[in-house]
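> Structure provided below as structure tokens; questions to follow.
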4 protein chains.
Amino acid sequence: MSDMLIAQSPKDLPDLDYVLSRSGLELMQDIVAGKIPGPPIGATLGFRPILAEEGKVVFEGTPEFKVLNPLGTVHGGWYGTILDSCMACAVQTKLKKGQIYTTLEYKINIIRPIPTGTTVHAIGKVHHAGRSTGIADGEIVGVEDGKLYATGSTTCIVMQGPKG
Amino acid sequence: MSDMLIAQSPKDLPDLDYVLSRSGLELMQDIVAGKIPGPPIGATLGFRPILAEEGKVVFEGTPEFKVLNPLGTVHGGWYGTILDSCMACAVQTKLKKGQIYTTLEYKINIIRPIPTGTTVHAIGKVHHAGRSTGIADGEIVGVEDGKLYATGSTTCIVMQGPKG
Amino acid sequence: MSDMLIAQSPKDLPDLDYVLSRSGLELMQDIVAGKIPGPPIGATLGFRPILAEEGKVVFEGTPEFKVLNPLGTVHGGWYGTILDSCMACAVQTKLKKGQIYTTLEYKINIIRPIPTGTTVHAIGKVHHAGRSTGIADGEIVGVEDGKLYATGSTTCIVMQGPKG
Amino acid sequence: MSDMLIAQSPKDLPDLDYVLSRSGLELMQDIVAGKIPGPPIGATLGFRPILAEEGKVVFEGTPEFKVLNPLGTVHGGWYGTILDSCMACAVQTKLKKGQIYTTLEYKINIIRPIPTGTTVHAIGKVHHAGRSTGIADGEIVGVEDGKLYATGSTTCIVMQGPKG
């Protein structure tokens, strides 16, 4: 993960002008390639995007001690956060320059516990991206064991940005 | 938040013997009172439980820079993690000694963005807790502005623990 | 249920001009009052709206033999359909003249089986209704026993109608 | 749809002894083959199972006038009911003799409206089926146009039947 920058303060995040000057796919590829810093949440929770193509985004992550719940297992919120990331970013890859979006809802099913320290891929795929909505599914799969750990679905709203 | 301990390593988390010796409500109240350390995820994401009574748990949290997404807003995963926490813990308050549980699924609706630095309460309430399942709802409300930021629902499975 | 008309063919349904000439609340109250025919789905599945006020709609229904699944219990789709109805219609009560809407997603939790022939109320309440989205929750409660049978949540998209 | 029987009264539904004497897959195949009557809900709403194999079930259906909402479009409940059917039945195909199950929750995303009279397939696939839970996804696809109309996910609880 040496190539990806992480934003250290608000000024490191891309400004709205930059965001609106790029298509959603270009913006994702900028982050994967390390051209612009990755978001703080990824560094905080231990995941980052490793692939972005039209309609599909893959995050790689490894849950460590700092994301455990009181019972010593990976918190359900970790599954939800990496799934929300890959699903929303999959929608993002379909946005044209000038469009913005945000997550309206997501749901996840947890199938089995991810052992602490296990590296997984969260794979988001778009089912629909129109002028006003985007819908995507996602799944968490173990990189070594190939097991399916969780699935998810999301609805995003797509809007014309302020300068669009 | 000075009274709550945070687990620094796996050995600080309650062991299974201790967990099974307490009812679910007692265990939550132990954490709120600082008798046992709070989980790492809360320290990582900036929230902790402040109230636990039968069928209801309240978490207080403040999203800071470290939980932002690439667009500089609070990541959808933060909403989901604090909601999952309050909803699952509300189910936990209905568990008898010897019972354990885990989250099968949760869904959240994000209603409006939480401004960075805003303190919110995530309030989880049980709708049903039986021998094999628990169902709860949750909402995120601003402490100062009283605004409803998000809602959620969850299904947990309840099981007899290994010594039950 | 003698006062409510049921549409018998497509020409009995309100046309778009009529729909756009009424606020969402007025349109719901027209149906409750029997001024315009109720939709076919309600007659098919055995439910109808009995109350519509701003932000809240109540449907009353009784699942009969024709909605059973192969195991002889009320099909999960019956819970979802009456919940979708009350939740979406609750969003509708917040729409201004000229606005239209549709359901993007809904989720339901089934808490306990509804015995065949039991009359229930499905109560939908709006959490948010803005220019572009509406979010509502719902619950199914037994009229006689007061039991909570199911809960739900939904996201609707709100749009300006063609003449708006 | 000439080969499938439809239950006309409660006595036509399979009794519990019969249900427990068959694996979940055998029971589904009995219905597809017309050996036992199909459930009332399918006749009421216009759909039936056409394929059942281990981990996958396909329903075919055509929404007609009787399932329309007040705006003259197919009610969201129709999408949910056929999806709940194919997803739950996919879980059922993994059950051993003596096991029973019920739906705890389902969620659906509606992607585009199904035109009245359009024949669709609802395809349910299991992600996980263990001793106590089953998780499946589903999608509605147009038979002629191949369009994706909706997606869904569900959680079922699996239990040992009374004679198990």
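Identifiers for the structure tokens are assigned positionally: chains receive A, B, ... in sequence, residues are indexed from 1 per chain, and ligands are indexed from 1 in the order shown.
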Up to 10 Å from chain C, what residues of chain B turn up? Count only C-alpha atoms and give them as an NGL selection string.
:B and (107-112 or 127-130 or 133-137 or 148-155)
> Please extract the residues of chain D with a backbone DSSP assignment of strand (DSSP E) and present them as number ranges by chain.
D: 47-53, 56-61, 99-110, 120-129, 133-142, 148-160
> Measure the distance from CA of Leu83 in chain C to CA of Gly34 in chain C in Å and round it to one decimal.
21.3 Å
